[in-house]
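Visitor: The following file, final.txt, comprises compact mmCIF, C-alpha atoms:
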# COMPACT_ATOMS: atom_id res chain seq x y z
CA MET A 9 -14.98 -31.58 1.19
CA SER A 10 -14.19 -33.45 -1.96
CA GLU A 11 -16.02 -36.68 -2.63
CA GLU A 12 -13.59 -37.43 -5.47
CA THR A 13 -10.68 -38.15 -3.16
CA LEU A 14 -12.38 -39.40 0.03
CA PRO A 15 -11.26 -42.74 1.45
CA ALA A 16 -14.05 -45.33 1.59
CA PHE A 17 -15.23 -45.35 5.20
CA SER A 18 -16.19 -49.02 5.09
CA SER A 19 -12.61 -49.98 4.17
CA LEU A 20 -11.12 -48.48 7.36
CA ASN A 21 -10.18 -50.48 10.44
CA ILE A 22 -9.01 -49.17 13.80
CA GLY A 23 -5.26 -49.60 14.07
CA ASP A 24 -4.59 -49.43 10.32
CA GLN A 25 -1.66 -47.22 9.37
CA VAL A 26 -2.96 -45.18 6.44
CA ALA A 27 0.07 -43.00 5.75
CA GLY A 28 3.53 -42.12 6.98
CA ARG A 29 6.84 -40.68 5.90
CA ASP A 30 10.09 -39.20 7.19
CA VAL A 31 10.67 -35.47 6.77
CA GLU A 32 14.11 -33.84 6.79
CA VAL A 33 14.04 -30.53 8.66
CA THR A 34 16.84 -28.03 8.07
CA ARG A 35 17.31 -24.35 8.90
CA ASP A 36 16.26 -23.69 5.32
CA THR A 37 12.99 -25.53 6.04
CA LEU A 38 12.35 -23.28 9.05
CA VAL A 39 13.09 -20.09 7.13
CA ARG A 40 10.64 -21.18 4.43
CA TYR A 41 8.00 -21.95 7.06
CA ALA A 42 8.60 -18.59 8.75
CA ALA A 43 8.10 -16.78 5.45
CA ALA A 44 5.04 -18.79 4.43
CA SER A 45 3.35 -18.53 7.83
CA GLY A 46 4.43 -15.06 8.92
CA ASP A 47 5.77 -16.50 12.20
CA PHE A 48 9.11 -14.77 12.65
CA ASN A 49 9.79 -15.64 16.29
CA PRO A 50 13.64 -15.59 16.45
CA ILE A 51 13.78 -18.87 18.42
CA HIS A 52 13.20 -20.48 15.01
CA TYR A 53 16.26 -18.97 13.31
CA ASN A 54 18.60 -17.34 15.86
CA ASP A 55 20.66 -19.62 18.15
CA ALA A 56 21.83 -16.84 20.46
CA PHE A 57 18.26 -15.66 21.01
CA ALA A 58 16.98 -19.22 21.52
CA GLN A 59 19.66 -19.89 24.15
CA GLN A 60 18.86 -16.63 25.88
CA VAL A 61 15.31 -17.86 26.52
CA GLY A 62 16.52 -21.22 27.82
CA LEU A 63 16.41 -23.40 24.71
CA PRO A 64 19.33 -25.54 23.55
CA GLY A 65 19.31 -23.65 20.23
CA VAL A 66 17.01 -23.06 17.29
CA ILE A 67 13.89 -25.25 17.38
CA ALA A 68 11.25 -25.97 14.74
CA HIS A 69 7.94 -24.10 14.92
CA GLY A 70 5.40 -26.29 16.71
CA MET A 71 2.99 -25.26 13.97
CA PHE A 72 5.46 -26.53 11.37
CA THR A 73 5.58 -29.94 13.02
CA MET A 74 1.80 -29.96 13.30
CA GLY A 75 1.59 -28.88 9.67
CA ILE A 76 3.68 -31.74 8.30
CA GLY A 77 1.44 -34.12 10.26
CA ALA A 78 -1.55 -32.63 8.45
CA SER A 79 0.21 -32.94 5.11
CA VAL A 80 0.69 -36.67 5.58
CA VAL A 81 -2.99 -37.10 6.49
CA GLU A 82 -4.24 -34.89 3.65
CA GLU A 83 -2.15 -36.67 1.04
CA TRP A 84 -4.10 -39.80 1.96
CA ALA A 85 -7.51 -38.26 2.79
CA GLY A 86 -7.60 -35.70 -0.01
CA ALA A 87 -7.07 -31.95 0.30
CA GLY A 88 -9.86 -30.24 2.21
CA ASN A 89 -11.22 -33.42 3.80
CA VAL A 90 -9.75 -32.85 7.27
CA VAL A 91 -12.54 -31.13 9.20
CA ASP A 92 -10.82 -30.92 12.58
CA TYR A 93 -7.18 -31.16 13.62
CA GLN A 94 -5.61 -30.66 17.02
CA ALA A 95 -2.27 -31.18 18.73
CA ARG A 96 -0.35 -30.39 21.89
CA PHE A 97 3.27 -29.32 21.62
CA THR A 98 5.02 -31.57 24.11
CA ARG A 99 8.67 -31.61 23.04
CA PRO A 100 10.76 -29.24 20.92
CA VAL A 101 12.57 -30.36 17.76
CA PRO A 102 16.08 -28.82 17.78
CA VAL A 103 17.32 -28.14 14.25
CA PRO A 104 21.10 -27.96 13.71
CA ALA A 105 22.77 -25.07 11.85
CA LEU A 106 24.23 -27.60 9.41
CA GLY A 107 22.63 -30.90 8.48
CA ALA A 108 19.09 -31.93 9.25
CA ALA A 109 16.78 -33.20 11.98
CA THR A 110 14.73 -36.10 10.68
CA VAL A 111 11.21 -36.45 12.02
CA SER A 112 8.99 -39.44 11.36
CA VAL A 113 5.25 -39.06 10.80
CA THR A 114 2.70 -41.86 10.97
CA ALA A 115 -1.08 -41.67 10.60
CA VAL A 116 -3.17 -44.46 12.12
CA VAL A 117 -6.94 -44.95 12.30
CA GLY A 118 -7.71 -44.25 15.98
CA ALA A 119 -11.51 -44.33 16.05
CA LEU A 120 -14.46 -44.64 13.69
CA ASP A 121 -17.77 -42.86 14.14
CA HIS A 122 -20.13 -45.04 12.12
CA GLU A 123 -23.10 -42.72 12.58
CA LEU A 124 -21.34 -39.63 11.20
CA GLN A 125 -19.00 -41.62 8.91
CA ARG A 126 -16.01 -39.84 10.37
CA ALA A 127 -12.59 -41.31 11.04
CA ARG A 128 -10.25 -40.08 13.77
CA ILE A 129 -6.72 -40.33 12.47
CA ASP A 130 -4.07 -40.38 15.20
CA VAL A 131 -0.92 -38.63 14.05
CA THR A 132 2.39 -39.52 15.64
CA VAL A 133 5.43 -37.34 15.01
CA THR A 134 8.67 -38.57 16.55
CA PHE A 135 12.19 -37.14 16.71
CA GLU A 136 15.05 -39.33 17.94
CA GLY A 137 12.47 -41.90 19.02
CA ALA A 138 10.42 -39.55 21.23
CA LYS A 139 6.99 -38.11 20.43
CA VAL A 140 6.99 -34.35 19.88
CA LEU A 141 3.21 -33.88 19.60
CA GLY A 142 0.58 -35.02 22.09
CA LYS A 143 -2.99 -35.96 21.23
CA ALA A 144 -2.47 -35.09 17.57
CA GLN A 145 -5.78 -36.06 16.02
CA ALA A 146 -7.27 -35.31 12.62
CA ILE A 147 -10.93 -35.92 11.90
CA VAL A 148 -11.64 -36.99 8.32
CA ASP A 149 -15.25 -36.64 7.22
CA CYS A 150 -15.97 -39.61 4.93
CA ALA A 151 -19.74 -38.98 4.62
CA MET B 15 4.01 -8.39 35.39
CA PRO B 16 1.91 -11.56 35.53
CA VAL B 17 -0.93 -12.40 33.20
CA ASN B 18 -4.14 -10.73 34.35
CA PRO B 19 -6.93 -13.36 34.59
CA GLU B 20 -9.54 -10.61 34.62
CA THR B 21 -8.97 -10.08 30.92
CA GLN B 22 -10.64 -13.45 30.21
CA GLY B 23 -13.53 -12.83 27.83
CA ARG B 24 -11.92 -9.81 26.20
CA SER B 25 -12.34 -9.74 22.41
CA TYR B 26 -10.45 -8.10 19.55
CA GLY B 27 -11.38 -7.39 15.97
CA PRO B 28 -12.70 -8.22 13.46
CA PHE B 29 -9.51 -7.16 11.70
CA GLU B 30 -8.73 -6.20 8.14
CA PRO B 31 -9.64 -9.06 5.77
CA TYR B 32 -6.95 -11.48 4.58
CA GLU B 33 -7.11 -12.28 0.86
CA VAL B 34 -6.20 -15.90 0.19
CA THR B 35 -4.06 -16.24 -2.95
CA ARG B 36 -2.86 -19.24 -4.96
CA GLY B 37 0.71 -18.12 -4.28
CA ALA B 38 0.22 -18.06 -0.50
CA ILE B 39 -1.36 -21.53 -0.56
CA ARG B 40 1.47 -22.88 -2.73
CA ALA B 41 4.17 -21.36 -0.50
CA PHE B 42 2.52 -22.72 2.64
CA ALA B 43 1.94 -26.16 1.11
CA ASP B 44 5.61 -26.30 0.03
CA ALA B 45 6.70 -25.20 3.51
CA VAL B 46 4.84 -28.04 5.27
CA ASP B 47 5.72 -30.66 2.64
CA ALA B 48 2.07 -30.98 1.53
CA ARG B 49 1.78 -33.01 -1.66
CA SER B 50 -1.87 -33.12 -2.71
CA GLY B 51 -2.21 -31.72 -6.22
CA ALA B 52 -5.25 -29.69 -5.16
CA HIS B 53 -2.97 -27.35 -3.16
CA PHE B 54 -1.03 -26.46 -6.32
CA SER B 55 -3.14 -26.94 -9.44
CA PRO B 56 -6.47 -25.15 -10.04
CA GLU B 57 -7.35 -27.89 -12.57
CA VAL B 58 -6.82 -30.67 -10.03
CA ALA B 59 -8.75 -28.68 -7.41
CA ARG B 60 -11.69 -28.19 -9.80
CA ALA B 61 -11.69 -31.88 -10.69
CA GLU B 62 -12.03 -32.57 -6.95
CA GLY B 63 -15.01 -30.21 -6.73
CA TYR B 64 -13.38 -27.02 -5.43
CA GLU B 65 -13.56 -23.57 -6.97
CA ASP B 66 -9.79 -23.08 -6.72
CA VAL B 67 -6.67 -24.46 -5.02
CA VAL B 68 -7.29 -25.69 -1.47
CA ALA B 69 -5.37 -24.54 1.59
CA PRO B 70 -3.61 -27.14 3.77
CA ALA B 71 -5.36 -27.93 7.08
CA THR B 72 -3.15 -25.61 9.17
CA PHE B 73 -3.03 -22.69 6.70
CA ALA B 74 -5.63 -20.88 8.82
CA ALA B 75 -2.88 -20.33 11.42
CA ILE B 76 -1.56 -17.49 9.23
CA ILE B 77 -4.81 -15.61 9.64
CA ALA B 78 -5.50 -16.65 13.24
CA GLN B 79 -2.02 -15.73 14.48
CA LYS B 80 -2.32 -12.20 13.11
CA ALA B 81 -5.46 -11.81 15.24
CA GLU B 82 -3.97 -13.57 18.28
CA PHE B 83 -1.07 -11.15 18.19
CA HIS B 84 -3.45 -8.50 19.52
CA VAL B 85 -3.97 -10.60 22.67
CA VAL B 86 -0.23 -10.93 23.26
CA ALA B 87 0.33 -7.24 22.52
CA ASP B 88 -2.42 -6.03 24.90
CA PRO B 89 -0.49 -4.61 27.89
CA GLU B 90 -3.46 -5.23 30.18
CA VAL B 91 -3.33 -8.97 29.46
CA GLY B 92 0.33 -8.94 30.47
CA VAL B 93 1.92 -11.66 28.34
CA ASP B 94 5.74 -11.49 28.38
CA PHE B 95 6.50 -12.84 24.92
CA SER B 96 10.00 -13.99 25.94
CA LYS B 97 8.37 -16.41 28.42
CA VAL B 98 5.80 -17.88 26.05
CA VAL B 99 5.61 -21.44 24.80
CA HIS B 100 2.92 -22.58 22.37
CA ALA B 101 1.05 -25.31 24.27
CA ASP B 102 -1.68 -26.50 21.91
CA GLU B 103 -3.65 -25.68 18.78
CA ARG B 104 -6.91 -26.86 17.23
CA PHE B 105 -8.53 -26.12 13.89
CA THR B 106 -12.20 -26.80 13.30
CA HIS B 107 -12.98 -26.28 9.62
CA HIS B 108 -16.57 -25.41 8.80
CA ARG B 109 -15.48 -25.54 5.17
CA PRO B 110 -12.11 -25.71 3.38
CA ILE B 111 -10.30 -22.43 2.62
CA VAL B 112 -9.68 -21.92 -1.11
CA ALA B 113 -7.82 -19.30 -3.15
CA GLY B 114 -10.04 -16.26 -3.68
CA ASP B 115 -11.51 -16.38 -0.19
CA VAL B 116 -11.51 -13.12 1.71
CA VAL B 117 -11.26 -14.08 5.36
CA ARG B 118 -11.80 -11.89 8.38
CA ALA B 119 -10.75 -12.89 11.90
CA SER B 120 -11.82 -11.86 15.36
CA VAL B 121 -10.41 -13.30 18.55
CA ILE B 122 -11.61 -13.73 22.13
CA ILE B 123 -9.67 -14.72 25.24
CA GLU B 124 -11.54 -17.95 25.97
CA SER B 125 -9.84 -18.74 29.27
CA ILE B 126 -6.92 -17.90 31.51
CA THR B 127 -5.93 -20.49 34.09
CA GLN B 128 -3.00 -20.20 36.49
CA ARG B 129 -1.21 -23.01 38.26
CA ALA B 130 2.29 -23.61 39.58
CA GLY B 131 3.75 -20.41 38.15
CA ILE B 132 2.33 -20.96 34.66
CA SER B 133 -0.55 -19.07 33.05
CA MET B 134 -2.40 -20.90 30.28
CA VAL B 135 -3.96 -18.35 27.94
CA THR B 136 -6.45 -19.86 25.50
CA SER B 137 -7.70 -17.76 22.62
CA ARG B 138 -10.42 -18.60 20.12
CA ALA B 139 -10.20 -17.04 16.67
CA GLU B 140 -13.29 -17.10 14.50
CA LEU B 141 -12.60 -16.84 10.78
CA THR B 142 -15.46 -15.82 8.52
CA ASP B 143 -15.75 -15.29 4.78
CA ALA B 144 -16.85 -12.20 2.85
CA ASP B 145 -20.51 -13.11 3.51
CA GLY B 146 -19.86 -13.45 7.23
CA VAL B 147 -20.23 -17.24 7.07
CA PRO B 148 -17.99 -19.21 9.49
CA VAL B 149 -14.94 -20.77 7.80
CA THR B 150 -12.66 -21.99 10.58
CA THR B 151 -12.46 -21.82 14.38
CA VAL B 152 -8.91 -21.80 15.75
CA MET B 153 -8.25 -22.54 19.43
CA SER B 154 -4.74 -21.75 20.58
CA THR B 155 -3.16 -21.98 24.02
CA LEU B 156 0.00 -20.22 25.15
CA ALA B 157 1.82 -21.24 28.31
CA VAL B 158 3.38 -18.20 29.99
CA ARG B 159 5.99 -18.68 32.72
CA GLU B 160 5.46 -16.24 35.59
CA ASP B 161 8.89 -16.55 37.19
CA GLN B 162 10.87 -13.36 37.72
CA SER B 163 14.14 -14.66 36.23
Translate this file's structure into structure tokens.

Guide:
Amino acid sequence: MSEETLPAFSSLNIGDQVAGRDVEVTRDTLVRYAAASGDFNPIHYNDAFAQQVGLPGVIAHGMFTMGIGASVVEEWAGAGNVVDYQARFTRPVPVPALGAATVSVTAVVGALDHELQRARIDVTVTFEGAKVLGKAQAIVDCA
Amino acid sequence: MPVNPETQGRSYGPFEPYEVTRGAIRAFADAVDARSGAHFSPEVARAEGYEDVVAPATFAAIIAQKAEFHVVADPEVGVDFSKVVHADERFTHHRPIVAGDVVRASVIIESITQRAGISMVTSRAELTDADGVPVTTVMSTLAVREDQS
């Protein structure tokens, strides 16, 4: 927790969008995530393997998509101020061999716990207009 | 071979400690497009009240997934990795992870539920620091298809 960077709880209103941005995802992005995370599942870099297990081709790591959602929240809330973060992986993000898949991230105040001074930030990540994460929620402790 | 529900409750570890470095935090922060200065600069992190650079919120997956691998690799659990999809993930941070932390993980199979040809295997990884104090709890669910194709 850092009190230096915390958003003022009293300034938050349910429904406010607090952050958002588009992120370009390329094969290069996935290789970097694989190296940084240690997740070398070939469905994230090898088309032939991905198709063999029934996917259209290489897809982004669900944890990558979840991670960029956290980055958008943390840039607003301050590093280290997200005390809980969850998501379901509902739809894959196919990433082409050339070019990029663009995902859009928004972070909206979903609920406010006035007793604990905690904000639930609802994270929406969409690709081609469809949500790729379900129930993606970050809890920011503003106390 | 299908997933064996009788392995629910089985635990693994604690495993060899993971040493959190500035370089690993920087590489992970770059990889997930994290932009807070406190992930990159020790000076910024100190100004915000931390001892060193701060890990992004999902960094703990690096440590948890190493431990969870032991669940997937346990032949008695019976997970066919080619039929696995990551279903959900949750991080509960008891405190932020910072560079210099030495983090140990153990993992337990929290639940195995089976329905309509899919086994949902939920593991809970508990990450603790060098003093044994809880750092992060990571819940992770894999969906395993049980078809014979």

Visitor: Can you check which residues of chain B have any atom within 10 Å of chain A? Use all atoms listed in the file and format it as an MDAnalysis selection string.

Guide: chainID B and resid 37:53 59:64 67:77 79:80 95:112 150:155

Visitor: Write out as a PyMOL selection string which residues come within 9 Å of Ala127 of chain A when counting only C-alpha atoms, dropping same-chain ones fewer than 6 positions away.

Guide: chain A and resi 17+20+117-121+146-150

Visitor: Where's the centre, and what are the edge lengths in Å to one decimal, of a box along x, y and z enclosing all listed atoms of segment 72-76 of chain A padded 6 Å per side, as JSON?

Guide:
{"center_x": 3.6, "center_y": -29.1, "center_z": 10.8, "size_x": 16.0, "size_y": 17.2, "size_z": 17.0}

Visitor: Considering only C-alpha atoms, can you say which of B:Arg36, B:Ile126, B:Pro31, B:Ala139 comes closest to Phe83 of chain B?

Guide: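 When distances to Phe83 of chain B are compared using only C-alpha atoms, the smallest one comes from B:Ala139.
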
Visitor: If we count only C-alpha atoms and set the cut-off at 7 Å, which residues sit around Ala119 of chain B, ignoring sequence neighbours fewer than 6 positions away in its own chain? Please answer as an MDAnalysis selection string.

Guide: chainID B and resid 27:29 77:78 81 139:142

Visitor: Counting only C-alpha atoms, what is within 10 Å of Ser112 of chain A, bar same-chain residues fewer than 4 positions away, as a list in words?

Guide: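 The filter keeps Gly28, Arg29, Asp30, Val31, Glu32, Ile76, Gly77, Thr132, Val133, Thr134, Phe135, Glu136, Gly137, Ala138 and Lys139 of chain A.
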
Visitor: Work out how far apart atom CA of Ala56 of chain A and atom CA of Pro104 of chain A are and give it in Å to one decimal.

Guide: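 Here the two named atoms are 13.0 Å from each other.
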
Visitor: Here is a test: counting all atoms listed in the file, which residue of A:Asn54, A:Ile22, A:Pro102, A:Leu63 is nearest to Thr34 of chain A?

Guide: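 Residue with the minimum atom-to-atom distance to Thr34 of chain A: A:Pro102.
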
Visitor: So how far away is atom CA of Val103 of chain A from atom CA of Ala115 of chain A, in Å?

Guide: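 Atom CA of Val103 of chain A lies 23.1 Å from atom CA of Ala115 of chain A.
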
Visitor: Go ahead and compute the interatomic distance for atom CA of Ala144 of chain B and atom CA of Val116 of chain B, in Å to one decimal.

Guide: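 These two atoms are separated by 5.5 Å.
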
Visitor: Please, which residues are within 8 Å of (-5.3, -8.4, 29.9) by the file's coordinates, counting only C-alpha atoms, and could they come as a list of chain:residue names?

Guide: B:Val17, B:Asn18, B:Pro19, B:Glu20, B:Thr21, B:Gln22, B:Arg24, B:Val85, B:Asp88, B:Pro89, B:Glu90, B:Val91, B:Gly92

Visitor: Just the selected residues (C-alpha atoms), exported as a PDB file, in the frame of the given file, please.

Guide:
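Done, and the output landed in part.pdb:
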ATOM      1  CA  VAL B  17      -0.930 -12.400  33.200  1.00  0.00           C
ATOM      2  CA  ASN B  18      -4.140 -10.730  34.350  1.00  0.00           C
ATOM      3  CA  PRO B  19      -6.930 -13.360  34.590  1.00  0.00           C
ATOM      4  CA  GLU B  20      -9.540 -10.610  34.620  1.00  0.00           C
ATOM      5  CA  THR B  21      -8.970 -10.080  30.920  1.00  0.00           C
ATOM      6  CA  GLN B  22     -10.640 -13.450  30.210  1.00  0.00           C
ATOM      7  CA  ARG B  24     -11.920  -9.810  26.200  1.00  0.00           C
ATOM      8  CA  VAL B  85      -3.970 -10.600  22.670  1.00  0.00           C
ATOM      9  CA  ASP B  88      -2.420  -6.030  24.900  1.00  0.00           C
ATOM     10  CA  PRO B  89      -0.490  -4.610  27.890  1.00  0.00           C
ATOM     11  CA  GLU B  90      -3.460  -5.230  30.180  1.00  0.00           C
ATOM     12  CA  VAL B  91      -3.330  -8.970  29.460  1.00  0.00           C
ATOM     13  CA  GLY B  92       0.330  -8.940  30.470  1.00  0.00           C
TER      14      GLY B  92
END

Visitor: Extract, using all atoms listed in the file, all DNA, RNA and protein residues at most 9 Å from Ala105 of chain A, discarding same-chain residues fewer than 5 positions from it, and format them as a ChimeraX atom specification.

Guide: /A:34-35,55,66

Visitor: Nearest residue to Val147 of chain B out of B:Val34, B:Val58, B:Ala87, B:Val117, using all atoms listed in the file?

Guide: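 Selected residue with least distance to Val147 of chain B: B:Val117.
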
Visitor: Between B:Glu82, B:Asp115, B:Val93, B:Asp143, which one has atoms that come closest to Ala157 of chain B, using all atoms listed in the file?

Guide: B:Val93
